[in-house]
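The structure appears right after this line, and notes come after that.
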Amino acid sequence: MAQSSLLNRQALYLKPDPTRVIVRPFKPSTEPQHLNPRDKTRANEIVDRVLTLDAVATTNQLHDILDNFEGRHRNLLRQFELRADAMENAFANHAAFSQQQRQLIGAYFMNEYSFESAALFNPSIVPHPDQSNVAEGSRRVILSLRAVGEGHISSLTFRTGMIDAQGAVTIDPPVRLAGLPDIHANDGLAPAGCIGISFKEESDLSERVIFPVTEAQSNGIEDARFVAFEDEGKTVYYATYTAYSGAGIRSELLETQDFLNFTLTPLRGPAARNKGMALFPRRINGRYAMIARQDSENLFLLYSDDLHNWDEGQLLMKPEFAWQFVQIGNCGSPVEIDEGWLLFTHGVGPMRRYSIGVTLLDKSDPSIILARTVDPLLQPEPTEREGYVPNVVYSCGAMRHGDLIALPYAVSDTYSNFTTMKISMLLETMQPAGSPS
């Protein structure tokens with residue numbers, strides 16, 4: 001069956017928007033001591049300069065900042081105060097200062113960051129926890145996206161949308177504002193070894209940005225693979241992602257029930273040293289299960305009794321076809337259908353072109369491959385091959401919607417689009433395992 005008759009490519013083209021900015025701490029660079037000998041840090045000297053301003057000049061400076069930036073951010077003065085609170089050592093040489101002086105100093109040590117100016121890609125999709133007032137046959141969804149800004153730092157952002165009964169996808173436009181969460185670490189609000197973050201309830205979901213918090217994440221929170229995990233009648237949303245420090249990587253787990261409060265936890269064990277882990281949406285025979293790439297080219301099936309600790313697993317798939325001879329990897333968590341588990345995978349072929357295929361795994365024993373697509377299901381279209389990394393299609397997670405599969409995918413590491421497909425037609429394109437290529 002031809003791709004064109006199976007895939008219903010949308011024309012959503014979710015592209016990066018450089019006008020969406022957050023406010024984050026700014027740290028002045030430090031000059032070599034021999035070039036500019038000084039007894040104080042640059043931060044101390046900047047504070048000293050600001051405190052030379054009299055009350056009128058301080059007020060005027062604050063008013064000028066608010067006139068320029070207030071409409072671009074929520075509670076800007078409060079953010080200035082919080083930044084000043086984190087810089088108490090810079091105030092050590094000064095006995096007294098006004099609230100306005102503290103706010104102005106906070107402003108000097110913050111900057112706007114356009115978090116999705118370079119790319120908005122590698123999406124995954126899950127059902128929205130709120131399905132109220134949704135038309136019959138439709139479903140409200142949450143889309144997660146990897147956003148990249150200055151310095152190639154990756155963060156996590158969200159969109160809401162709807163899939164109707166016919167498979168037409170609409171994505172709500174993001175609100176103009178964007179903001180960072182409150183962070184809970186070592187304050188008793190997050191479990192030991194974890195980072196808890198929470199957003200203000202009045203914030204729109206598209207407003208919430210999960211930016212690197214720890215040193216291990218400092219250069220990026222990458223490729224979150226979200227899944228709605230069902231366990232004992234409760235739905236918890238998990239996402240495995242790659243934490244990148246600039247020198248090394250590790251897999252971490254994000255957990256939420258409401259997309260307002262999140263917990264971020266490093267994963268432990270030999271399998272967590274690599275990237276691209278994808279959690280099954282429920283336990284298999286009483287155990288947690290993952291699809292992962294422990295080496296540089298193959299896919300493995302992992303089991304664990306502990307959600308946060310993962311030993312090495314068993315080999316599941318190797319590159320077999322020409323379009324995946326370089327390496328294979330998963331495109332998010334397996335999707336459960338009546339016939340088994342649909343595992344979407346990417347393969348890398350000649351000219352480092354990325355393509356997407358799918359494999360059907362046995363429902364009770366996912367180590368058994370029942371069928372697979374011999375040819376790519378999705379490849380870069382001529383109109384979708386240009387970008388930061390050309391010739392790439394990539395996804396971090398699909399979703400079942402009735403008799404359809406909704407697959408968001410990234411285009412050349414730059415922007416994102418959608419396709420849907422009928423499950424029955426998809427199964428017809430697959431060949432039984434062991435049949436001739």
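Residues in the structure tokens are named by chain (A, B, ... in the order shown) and by number from 1 within that chain; ligands are numbered from 1 in the order shown.
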Per residue of segment 88-113 of chain A within 7 Å of segment 9-31 of chain A, which atom pair is closest and at what distance in Å (one decimal), using only C-alpha atoms, listed by chain and increasing number, as CSV?
```
residue,atom,partner,partner_atom,distance
A:Phe109,CA,A:Phe26,CA,4.8
A:Met110,CA,A:Pro25,CA,4.4
A:Asn111,CA,A:Val23,CA,5.6
A:Glu112,CA,A:Val23,CA,4.6
A:Tyr113,CA,A:Val21,CA,5.3
```
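Closest approach to Asp295 of chain A from the set A:Ala216, A:Leu307, A:Ala271, A:Ala278 is made by A:Ala271, with distances taken over only C-alpha atoms.
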Requested in this report: Extract, using only C-alpha atoms, all DNA, RNA and protein residues at most 10 Å from Gly340 of chain A, discarding same-chain residues fewer than 6 positions from it, and format them as a list of chain:residue names.
Outcome: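 In the requested form, the answer reads A:Pro334, A:Thr359, A:Leu360, A:Leu361, A:Asp362, A:Lys363, A:Ser364, A:Asp365, A:Pro366, A:Ile369, A:Leu370.
With only C-alpha atoms as the atoms that count, the minimum distance from Thr52 of chain A to the choices A:His94, A:Arg72, A:Arg78, A:Arg159 is reached by A:His94.
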Report task. Report the residues of segment 238-435 of chain A whose backbone DSSP state falls under helix (DSSP H, G or I), written as a ChimeraX atom specification. Result -> /A:270-273,322-324,350-352,382-384,423-428
Write to file, as a PDB file, in the first residue's frame, the residues of the selection just made, with N, CA, C and O atoms.
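What follows is the written file part.pdb:
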```
ATOM      1  N   PRO A 270      22.384   0.523  34.853  1.00  0.00           N
ATOM      2  CA  PRO A 270      23.204   0.565  33.629  1.00  0.00           C
ATOM      3  C   PRO A 270      22.457   1.072  32.411  1.00  0.00           C
ATOM      4  O   PRO A 270      23.042   1.746  31.563  1.00  0.00           O
ATOM      5  N   ALA A 271      21.165   0.771  32.288  1.00  0.00           N
ATOM      6  CA  ALA A 271      20.418   1.179  31.101  1.00  0.00           C
ATOM      7  C   ALA A 271      20.183   2.682  31.045  1.00  0.00           C
ATOM      8  O   ALA A 271      19.942   3.232  29.969  1.00  0.00           O
ATOM      9  N   ALA A 272      20.245   3.356  32.203  1.00  0.00           N
ATOM     10  CA  ALA A 272      19.961   4.787  32.246  1.00  0.00           C
ATOM     11  C   ALA A 272      21.125   5.634  31.755  1.00  0.00           C
ATOM     12  O   ALA A 272      21.011   6.859  31.680  1.00  0.00           O
ATOM     13  N   ARG A 273      22.245   5.006  31.421  1.00  0.00           N
ATOM     14  CA  ARG A 273      23.398   5.780  30.940  1.00  0.00           C
ATOM     15  C   ARG A 273      23.216   6.227  29.494  1.00  0.00           C
ATOM     16  O   ARG A 273      23.958   7.070  29.018  1.00  0.00           O
ATOM     17  N   ALA A 322      17.618  -1.594   4.500  1.00  0.00           N
ATOM     18  CA  ALA A 322      18.567  -0.594   4.006  1.00  0.00           C
ATOM     19  C   ALA A 322      18.324   0.784   4.596  1.00  0.00           C
ATOM     20  O   ALA A 322      19.273   1.546   4.819  1.00  0.00           O
ATOM     21  N   TRP A 323      17.077   1.125   4.887  1.00  0.00           N
ATOM     22  CA  TRP A 323      16.767   2.461   5.402  1.00  0.00           C
ATOM     23  C   TRP A 323      17.116   2.631   6.880  1.00  0.00           C
ATOM     24  O   TRP A 323      16.970   3.721   7.434  1.00  0.00           O
ATOM     25  N   GLN A 324      17.635   1.550   7.511  1.00  0.00           N
ATOM     26  CA  GLN A 324      17.972   1.619   8.937  1.00  0.00           C
ATOM     27  C   GLN A 324      19.326   0.982   9.249  1.00  0.00           C
ATOM     28  O   GLN A 324      19.603   0.666  10.397  1.00  0.00           O
ATOM     29  N   PRO A 350      21.279   5.824   4.336  1.00  0.00           N
ATOM     30  CA  PRO A 350      22.315   6.560   3.607  1.00  0.00           C
ATOM     31  C   PRO A 350      22.061   8.067   3.648  1.00  0.00           C
ATOM     32  O   PRO A 350      20.926   8.522   3.730  1.00  0.00           O
ATOM     33  N   MET A 351      23.131   8.827   3.626  1.00  0.00           N
ATOM     34  CA  MET A 351      23.091  10.295   3.722  1.00  0.00           C
ATOM     35  C   MET A 351      22.463  10.744   5.044  1.00  0.00           C
ATOM     36  O   MET A 351      21.939  11.833   5.166  1.00  0.00           O
ATOM     37  N   ARG A 352      22.538   9.840   6.035  1.00  0.00           N
ATOM     38  CA  ARG A 352      21.980  10.098   7.379  1.00  0.00           C
ATOM     39  C   ARG A 352      20.520  10.568   7.302  1.00  0.00           C
ATOM     40  O   ARG A 352      20.089  11.461   8.015  1.00  0.00           O
ATOM     41  N   PRO A 382       9.848  16.009  -0.087  1.00  0.00           N
ATOM     42  CA  PRO A 382      10.677  17.050  -0.715  1.00  0.00           C
ATOM     43  C   PRO A 382      10.457  18.434  -0.120  1.00  0.00           C
ATOM     44  O   PRO A 382      11.390  19.233  -0.034  1.00  0.00           O
ATOM     45  N   THR A 383       9.219  18.692   0.339  1.00  0.00           N
ATOM     46  CA  THR A 383       8.927  19.995   0.949  1.00  0.00           C
ATOM     47  C   THR A 383       9.234  20.029   2.434  1.00  0.00           C
ATOM     48  O   THR A 383       9.070  21.069   3.076  1.00  0.00           O
ATOM     49  N   GLU A 384       9.648  18.877   3.011  1.00  0.00           N
ATOM     50  CA  GLU A 384       9.899  18.798   4.448  1.00  0.00           C
ATOM     51  C   GLU A 384      11.283  18.221   4.735  1.00  0.00           C
ATOM     52  O   GLU A 384      11.466  17.450   5.672  1.00  0.00           O
ATOM     53  N   ILE A 423      -5.766   2.237  11.784  1.00  0.00           N
ATOM     54  CA  ILE A 423      -5.043   1.077  12.299  1.00  0.00           C
ATOM     55  C   ILE A 423      -5.174  -0.107  11.347  1.00  0.00           C
ATOM     56  O   ILE A 423      -4.200  -0.816  11.072  1.00  0.00           O
ATOM     57  N   SER A 424      -6.367  -0.339  10.815  1.00  0.00           N
ATOM     58  CA  SER A 424      -6.574  -1.479   9.926  1.00  0.00           C
ATOM     59  C   SER A 424      -5.706  -1.380   8.683  1.00  0.00           C
ATOM     60  O   SER A 424      -5.110  -2.375   8.234  1.00  0.00           O
ATOM     61  N   MET A 425      -5.594  -0.175   8.120  1.00  0.00           N
ATOM     62  CA  MET A 425      -4.757   0.008   6.931  1.00  0.00           C
ATOM     63  C   MET A 425      -3.289  -0.128   7.278  1.00  0.00           C
ATOM     64  O   MET A 425      -2.499  -0.679   6.495  1.00  0.00           O
ATOM     65  N   LEU A 426      -2.909   0.347   8.473  1.00  0.00           N
ATOM     66  CA  LEU A 426      -1.516   0.219   8.905  1.00  0.00           C
ATOM     67  C   LEU A 426      -1.129  -1.249   9.031  1.00  0.00           C
ATOM     68  O   LEU A 426      -0.053  -1.663   8.567  1.00  0.00           O
ATOM     69  N   LEU A 427      -1.994  -2.053   9.636  1.00  0.00           N
ATOM     70  CA  LEU A 427      -1.691  -3.473   9.802  1.00  0.00           C
ATOM     71  C   LEU A 427      -1.555  -4.170   8.452  1.00  0.00           C
ATOM     72  O   LEU A 427      -0.760  -5.107   8.301  1.00  0.00           O
ATOM     73  N   GLU A 428      -2.310  -3.717   7.460  1.00  0.00           N
ATOM     74  CA  GLU A 428      -2.226  -4.326   6.132  1.00  0.00           C
ATOM     75  C   GLU A 428      -0.871  -4.088   5.470  1.00  0.00           C
ATOM     76  O   GLU A 428      -0.448  -4.870   4.609  1.00  0.00           O
TER      77      GLU A 428
END
```
Query raised in the report: So how far away is atom CA of Pro319 of chain A from atom CA of Ser355 of chain A, in Å?
Result: 12.5 Å
Report task. With a distance cut-off of 10 Å and only C-alpha atoms, select the neighbouring residues of segment 402-410 of chain A, excluding the residue or stretch itself and same-chain residues fewer than 5 positions from it, and output the selection as a PyMOL selection string. Result -> chain A and resi 7-10+13-14+119-126+137-139+143-146+163+165-169+331+335+337+342+344+356+378+380+384+392-397+415-426
**Report entry** Separation of atom CA of His152 of chain A from atom CA of Leu253 of chain A in Å
**Finding:**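 Rounded to one decimal, the two atoms are 21.7 Å apart.
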**Report entry** Point-to-point distance from atom CA of Ser251 of chain A to atom CA of His128 of chain A, Å rounded to tenths
**Finding:**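 Going from atom CA of Ser251 of chain A over to atom CA of His128 of chain A, I get 24.7 Å.
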Query raised in the report: Counting only C-alpha atoms, what is within 12 Å of Ala243 of chain A, bar same-chain residues fewer than 2 positions away, as a PyMOL selection string?
Result: chain A and resi 153-156+211-224+240-241+245-254+264-267+272-276
Query raised in the report: From the set A:Val374, A:Asn93, A:His184, A:Ser98, which residue has the shortest atom-to-atom contact distance to Ala433 of chain A, counting only C-alpha atoms?
Result: A:Val374
Query - Shortest interatomic distance to Ile195 of chain A - which of A:Val175, A:Gly149, A:Asn261, A:Val227, counting only C-alpha atoms - result: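 Among the listed residues, the smallest separation from Ile195 of chain A belongs to A:Asn261.
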Requested in this report: Can you work out which one of A:Gln101, A:Ser117, A:Thr170, A:Asn68 has the shortest atom-to-atom distance to Ile142 of chain A, counting only C-alpha atoms?
Outcome: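 Closest to Ile142 of chain A of all the choices is A:Thr170.
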Query raised in the report: DSSP says strand (DSSP E) for which residues of segment 293-407 of chain A? Put them as a VMD selection string?
Result: chain A and resid 299 to 304 314 to 317 327 to 330 335 to 337 340 to 348 354 to 361 369 to 372 393 to 394 399 to 401 404 to 407
Query raised in the report: Skipping near chain neighbours, those fewer than 6 positions away, what residues fall within 10 Å of segment 86-91 of chain A using only C-alpha atoms, listed as a count of residues only?
Result: 16
Any idea what's packed within 10 Å of Gln100 of chain A, counting only C-alpha atoms, ignoring anything in its chain fewer than 6 positions away? Could you give it as a short mmCIF file (atom, residue, chain, number, x, y, z; two decimals) with N, CA and C atoms, in the first residue's frame?
```cif
data_model
loop_
_atom_site.label_atom_id
_atom_site.label_comp_id
_atom_site.auth_asym_id
_atom_site.auth_seq_id
_atom_site.Cartn_x
_atom_site.Cartn_y
_atom_site.Cartn_z
N ALA A 55 17.07 57.90 45.28
CA ALA A 55 15.73 57.31 45.26
C ALA A 55 14.97 57.65 43.98
N THR A 58 16.47 55.72 41.05
CA THR A 58 16.10 54.31 41.18
C THR A 58 14.67 54.09 40.72
N THR A 59 13.76 54.95 41.17
CA THR A 59 12.35 54.84 40.77
C THR A 59 12.20 55.00 39.27
N GLN A 61 14.40 54.41 36.91
CA GLN A 61 14.93 53.23 36.23
C GLN A 61 13.94 52.07 36.27
N LEU A 62 13.33 51.84 37.44
CA LEU A 62 12.35 50.77 37.56
C LEU A 62 11.15 51.02 36.65
N LEU A 77 8.00 42.39 38.85
CA LEU A 77 8.65 42.89 40.06
C LEU A 77 8.92 41.76 41.05
N PHE A 80 11.98 39.98 40.01
CA PHE A 80 13.19 40.75 40.37
C PHE A 80 13.53 40.53 41.84
N GLU A 81 12.50 40.53 42.69
CA GLU A 81 12.75 40.34 44.12
C GLU A 81 13.32 38.95 44.41
N GLY A 106 17.83 43.16 41.13
CA GLY A 106 17.37 41.91 40.54
C GLY A 106 17.23 42.01 39.03
#
```
